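Source file: run_1.cif (mmCIF, N, CA and C atoms)
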data_input
loop_
_atom_site.label_atom_id
_atom_site.label_comp_id
_atom_site.auth_asym_id
_atom_site.auth_seq_id
_atom_site.Cartn_x
_atom_site.Cartn_y
_atom_site.Cartn_z
N MET A 1 6.86 20.36 12.50
CA MET A 1 5.56 19.88 12.94
C MET A 1 4.53 21.01 12.81
N ALA A 2 3.29 20.60 12.58
CA ALA A 2 2.21 21.58 12.41
C ALA A 2 1.94 22.31 13.72
N ASN A 3 1.80 23.62 13.63
CA ASN A 3 1.60 24.42 14.83
C ASN A 3 0.19 24.95 14.98
N ASN A 4 -0.53 25.14 13.87
CA ASN A 4 -1.88 25.67 14.01
C ASN A 4 -2.90 24.63 13.55
N LYS A 5 -4.14 24.95 13.79
CA LYS A 5 -5.22 23.99 13.56
C LYS A 5 -5.33 23.57 12.09
N SER A 6 -5.23 24.52 11.18
CA SER A 6 -5.38 24.19 9.76
C SER A 6 -4.20 23.35 9.27
N ALA A 7 -3.00 23.62 9.79
CA ALA A 7 -1.83 22.84 9.39
C ALA A 7 -1.94 21.41 9.89
N LYS A 8 -2.47 21.22 11.09
CA LYS A 8 -2.68 19.87 11.64
C LYS A 8 -3.70 19.12 10.81
N LYS A 9 -4.75 19.83 10.39
CA LYS A 9 -5.78 19.20 9.55
C LYS A 9 -5.17 18.77 8.21
N ARG A 10 -4.32 19.60 7.62
CA ARG A 10 -3.69 19.26 6.35
C ARG A 10 -2.81 18.01 6.49
N VAL A 11 -2.12 17.90 7.61
CA VAL A 11 -1.28 16.72 7.85
C VAL A 11 -2.14 15.47 7.88
N LEU A 12 -3.26 15.54 8.56
CA LEU A 12 -4.17 14.38 8.64
C LEU A 12 -4.76 14.04 7.27
N GLN A 13 -5.17 15.08 6.53
CA GLN A 13 -5.75 14.84 5.21
C GLN A 13 -4.72 14.22 4.26
N THR A 14 -3.50 14.68 4.35
CA THR A 14 -2.44 14.14 3.49
C THR A 14 -2.20 12.67 3.81
N ALA A 15 -2.22 12.33 5.08
CA ALA A 15 -2.01 10.93 5.48
C ALA A 15 -3.12 10.03 4.94
N VAL A 16 -4.35 10.51 5.01
CA VAL A 16 -5.49 9.73 4.52
C VAL A 16 -5.40 9.56 3.01
N ARG A 17 -5.10 10.64 2.30
CA ARG A 17 -4.99 10.57 0.84
C ARG A 17 -3.84 9.68 0.40
N THR A 18 -2.72 9.76 1.11
CA THR A 18 -1.57 8.92 0.77
C THR A 18 -1.92 7.45 0.90
N GLU A 19 -2.59 7.11 1.96
CA GLU A 19 -3.00 5.71 2.18
C GLU A 19 -3.98 5.25 1.09
N ARG A 20 -4.93 6.09 0.75
CA ARG A 20 -5.91 5.76 -0.28
C ARG A 20 -5.23 5.58 -1.64
N ASN A 21 -4.32 6.50 -1.98
CA ASN A 21 -3.61 6.41 -3.25
C ASN A 21 -2.75 5.17 -3.32
N ARG A 22 -2.11 4.82 -2.22
CA ARG A 22 -1.28 3.61 -2.18
C ARG A 22 -2.14 2.38 -2.44
N TYR A 23 -3.33 2.35 -1.85
CA TYR A 23 -4.25 1.23 -2.03
C TYR A 23 -4.64 1.08 -3.51
N TYR A 24 -5.02 2.20 -4.14
CA TYR A 24 -5.46 2.15 -5.53
C TYR A 24 -4.31 1.79 -6.48
N ARG A 25 -3.10 2.34 -6.23
CA ARG A 25 -1.95 2.00 -7.07
C ARG A 25 -1.64 0.51 -6.99
N THR A 26 -1.67 -0.04 -5.78
CA THR A 26 -1.41 -1.47 -5.59
C THR A 26 -2.49 -2.30 -6.27
N ARG A 27 -3.72 -1.85 -6.17
CA ARG A 27 -4.83 -2.56 -6.79
C ARG A 27 -4.68 -2.63 -8.30
N ILE A 28 -4.29 -1.52 -8.91
CA ILE A 28 -4.09 -1.51 -10.36
C ILE A 28 -2.97 -2.48 -10.74
N LYS A 29 -1.87 -2.44 -10.00
CA LYS A 29 -0.74 -3.33 -10.31
C LYS A 29 -1.16 -4.80 -10.20
N ASN A 30 -1.93 -5.14 -9.18
CA ASN A 30 -2.36 -6.53 -9.01
C ASN A 30 -3.33 -6.97 -10.09
N ILE A 31 -4.20 -6.07 -10.51
CA ILE A 31 -5.16 -6.38 -11.58
C ILE A 31 -4.41 -6.68 -12.88
N VAL A 32 -3.46 -5.81 -13.21
CA VAL A 32 -2.68 -5.98 -14.44
C VAL A 32 -1.83 -7.23 -14.36
N LYS A 33 -1.28 -7.50 -13.19
CA LYS A 33 -0.44 -8.68 -13.01
C LYS A 33 -1.23 -9.96 -13.22
N ALA A 34 -2.48 -9.98 -12.79
CA ALA A 34 -3.32 -11.17 -12.98
C ALA A 34 -3.53 -11.46 -14.46
N VAL A 35 -3.72 -10.43 -15.25
CA VAL A 35 -3.89 -10.62 -16.70
C VAL A 35 -2.58 -11.10 -17.31
N HIS A 36 -1.47 -10.49 -16.91
CA HIS A 36 -0.16 -10.90 -17.43
C HIS A 36 0.11 -12.37 -17.14
N GLU A 37 -0.19 -12.82 -15.93
CA GLU A 37 0.07 -14.20 -15.55
C GLU A 37 -0.78 -15.17 -16.38
N ALA A 38 -2.03 -14.81 -16.61
CA ALA A 38 -2.90 -15.66 -17.42
C ALA A 38 -2.42 -15.73 -18.86
N VAL A 39 -1.94 -14.61 -19.38
CA VAL A 39 -1.44 -14.57 -20.76
C VAL A 39 -0.16 -15.41 -20.87
N GLU A 40 0.72 -15.28 -19.89
CA GLU A 40 1.98 -16.04 -19.92
C GLU A 40 1.72 -17.54 -19.84
N ALA A 41 0.65 -17.92 -19.15
CA ALA A 41 0.29 -19.33 -19.05
C ALA A 41 -0.47 -19.81 -20.29
N SER A 42 -0.74 -18.90 -21.22
CA SER A 42 -1.49 -19.18 -22.46
C SER A 42 -2.87 -19.77 -22.17
N ASP A 43 -3.47 -19.31 -21.10
CA ASP A 43 -4.80 -19.77 -20.70
C ASP A 43 -5.82 -18.72 -21.16
N LYS A 44 -6.44 -18.98 -22.30
CA LYS A 44 -7.35 -18.01 -22.92
C LYS A 44 -8.55 -17.70 -22.02
N ALA A 45 -9.13 -18.74 -21.41
CA ALA A 45 -10.31 -18.53 -20.57
C ALA A 45 -9.98 -17.67 -19.35
N ALA A 46 -8.89 -18.00 -18.69
CA ALA A 46 -8.49 -17.24 -17.50
C ALA A 46 -8.11 -15.81 -17.88
N ALA A 47 -7.43 -15.66 -19.00
CA ALA A 47 -7.03 -14.33 -19.45
C ALA A 47 -8.24 -13.47 -19.78
N THR A 48 -9.23 -14.07 -20.42
CA THR A 48 -10.45 -13.32 -20.77
C THR A 48 -11.19 -12.88 -19.52
N THR A 49 -11.30 -13.79 -18.55
CA THR A 49 -11.96 -13.46 -17.28
C THR A 49 -11.20 -12.37 -16.53
N ALA A 50 -9.88 -12.51 -16.47
CA ALA A 50 -9.06 -11.51 -15.78
C ALA A 50 -9.14 -10.17 -16.49
N PHE A 51 -9.19 -10.20 -17.82
CA PHE A 51 -9.29 -8.95 -18.57
C PHE A 51 -10.62 -8.26 -18.31
N ALA A 52 -11.69 -9.02 -18.27
CA ALA A 52 -13.02 -8.43 -18.02
C ALA A 52 -13.04 -7.75 -16.65
N THR A 53 -12.46 -8.40 -15.66
CA THR A 53 -12.39 -7.83 -14.32
C THR A 53 -11.52 -6.57 -14.33
N ALA A 54 -10.38 -6.66 -15.01
CA ALA A 54 -9.46 -5.52 -15.07
C ALA A 54 -10.12 -4.32 -15.74
N ASN A 55 -10.81 -4.57 -16.84
CA ASN A 55 -11.47 -3.49 -17.57
C ASN A 55 -12.48 -2.78 -16.67
N LYS A 56 -13.28 -3.55 -15.99
CA LYS A 56 -14.32 -2.97 -15.13
C LYS A 56 -13.70 -2.16 -13.98
N GLN A 57 -12.69 -2.74 -13.34
CA GLN A 57 -12.11 -2.07 -12.18
C GLN A 57 -11.28 -0.84 -12.56
N ILE A 58 -10.58 -0.92 -13.67
CA ILE A 58 -9.80 0.24 -14.10
C ILE A 58 -10.72 1.40 -14.44
N HIS A 59 -11.83 1.11 -15.11
CA HIS A 59 -12.76 2.19 -15.45
C HIS A 59 -13.50 2.72 -14.22
N SER A 60 -13.66 1.89 -13.20
CA SER A 60 -14.27 2.41 -11.98
C SER A 60 -13.33 3.40 -11.30
N LEU A 61 -12.02 3.21 -11.45
CA LEU A 61 -11.07 4.17 -10.89
C LEU A 61 -11.08 5.48 -11.66
N VAL A 62 -11.45 5.42 -12.94
CA VAL A 62 -11.62 6.65 -13.71
C VAL A 62 -12.80 7.43 -13.14
N ASN A 63 -13.89 6.74 -12.86
CA ASN A 63 -15.07 7.41 -12.32
C ASN A 63 -14.79 8.03 -10.96
N LYS A 64 -13.88 7.42 -10.19
CA LYS A 64 -13.52 7.98 -8.88
C LYS A 64 -12.52 9.11 -9.01
N GLY A 65 -11.98 9.29 -10.22
CA GLY A 65 -11.04 10.37 -10.43
C GLY A 65 -9.61 10.02 -10.06
N PHE A 66 -9.32 8.75 -9.89
CA PHE A 66 -7.97 8.37 -9.49
C PHE A 66 -7.01 8.39 -10.67
N ILE A 67 -7.46 7.90 -11.82
CA ILE A 67 -6.62 7.95 -13.02
C ILE A 67 -7.41 8.63 -14.13
N LYS A 68 -6.67 9.15 -15.11
CA LYS A 68 -7.32 9.84 -16.22
C LYS A 68 -7.91 8.84 -17.20
N LYS A 69 -8.88 9.32 -17.94
CA LYS A 69 -9.59 8.49 -18.91
C LYS A 69 -8.62 7.92 -19.96
N THR A 70 -7.70 8.74 -20.42
CA THR A 70 -6.76 8.29 -21.46
C THR A 70 -5.79 7.25 -20.92
N THR A 71 -5.39 7.40 -19.66
CA THR A 71 -4.49 6.42 -19.04
C THR A 71 -5.18 5.07 -18.93
N ALA A 72 -6.44 5.09 -18.52
CA ALA A 72 -7.20 3.85 -18.41
C ALA A 72 -7.37 3.21 -19.78
N ALA A 73 -7.67 4.01 -20.78
CA ALA A 73 -7.86 3.49 -22.13
C ALA A 73 -6.58 2.84 -22.64
N ARG A 74 -5.44 3.47 -22.35
CA ARG A 74 -4.15 2.92 -22.79
C ARG A 74 -3.87 1.59 -22.11
N LYS A 75 -4.10 1.51 -20.80
CA LYS A 75 -3.86 0.27 -20.06
C LYS A 75 -4.77 -0.86 -20.57
N VAL A 76 -6.04 -0.55 -20.74
CA VAL A 76 -7.01 -1.55 -21.20
C VAL A 76 -6.67 -2.00 -22.61
N SER A 77 -6.29 -1.07 -23.46
CA SER A 77 -5.94 -1.41 -24.84
C SER A 77 -4.76 -2.36 -24.88
N ARG A 78 -3.75 -2.10 -24.09
CA ARG A 78 -2.56 -2.96 -24.08
C ARG A 78 -2.90 -4.35 -23.55
N LEU A 79 -3.73 -4.39 -22.51
CA LEU A 79 -4.14 -5.70 -21.96
C LEU A 79 -4.96 -6.47 -23.00
N HIS A 80 -5.86 -5.78 -23.67
CA HIS A 80 -6.72 -6.42 -24.66
C HIS A 80 -5.90 -6.99 -25.81
N LYS A 81 -4.89 -6.24 -26.22
CA LYS A 81 -4.01 -6.69 -27.30
C LYS A 81 -3.27 -7.97 -26.88
N MET A 82 -2.85 -8.03 -25.61
CA MET A 82 -2.15 -9.21 -25.10
C MET A 82 -3.08 -10.43 -25.08
N VAL A 83 -4.31 -10.23 -24.64
CA VAL A 83 -5.28 -11.33 -24.56
C VAL A 83 -5.61 -11.84 -25.96
N ASN A 84 -5.78 -10.94 -26.91
CA ASN A 84 -6.08 -11.35 -28.27
C ASN A 84 -4.91 -12.07 -28.94
N ALA A 85 -3.70 -11.80 -28.48
CA ALA A 85 -2.52 -12.43 -29.06
C ALA A 85 -2.44 -13.91 -28.71
N ILE A 86 -3.16 -14.34 -27.67
CA ILE A 86 -3.12 -15.75 -27.27
C ILE A 86 -3.70 -16.63 -28.37
N GLU A 87 -4.86 -16.25 -28.90
CA GLU A 87 -5.50 -17.10 -29.92
C GLU A 87 -4.75 -17.03 -31.25
N ALA A 88 -4.03 -15.91 -31.48
CA ALA A 88 -3.27 -15.78 -32.72
C ALA A 88 -2.02 -16.66 -32.70
N ALA A 89 -1.50 -16.90 -31.49
CA ALA A 89 -0.26 -17.69 -31.39
C ALA A 89 -0.52 -19.18 -31.42
#
Translate the structure of the given file into structure tokens.
Amino acid sequence: MANNKSAKKRVLQTAVRTERNRYYRTRIKNIVKAVHEAVEASDKAAATTAFATANKQIHSLVNKGFIKKTTAARKVSRLHKMVNAIEAA
């Protein structure tokens, strides 16, 4: 257990950051899952709408510094490829 003031502060800061990171990780997973579900249902309109939302929210997490720019680009690219595959099939 933390014994001095700075160590106690670090414990509190770690708890806050852990909770925030858990929220953002879950949010990313849910956003991606919504696009996957729309693609699996072969619903082009829903997939396009879900993709637009996912693109915007993933890039907002880049601006907050939660994920790297290249990671966001990779996720968005893969989602976009999936959405475009609906009309090709």
Exercise for review: List the neighbours of Arg78 (chain A) out to 12 Å using only C-alpha atoms; skip same-chain residues closer than 4 positions along the sequence, and give me the result as a PyMOL selection string.
Suggested key: chain A and resi 32+35-36+51+54-55+71-74+82-85
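Between CA of Ser60 (chain A) and CA of Ala45 (chain A) there is a distance of 23.0 Å.
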Check your understanding: What does the distance between CA of Lys44 (chain A) and atom C of Lys29 (chain A) come to in Å, to one decimal place?
Key -> 19.4 Å
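The two atoms in question, atom N of Gly65 (chain A) and atom C of Thr48 (chain A), are spaced 24.1 Å apart.
With only C-alpha atoms as the atoms that count, the minimum distance from Ile28 (chain A) to the choices A:Gln13, A:Gln57, A:Ser42, A:Asn4 is reached by A:Gln57.
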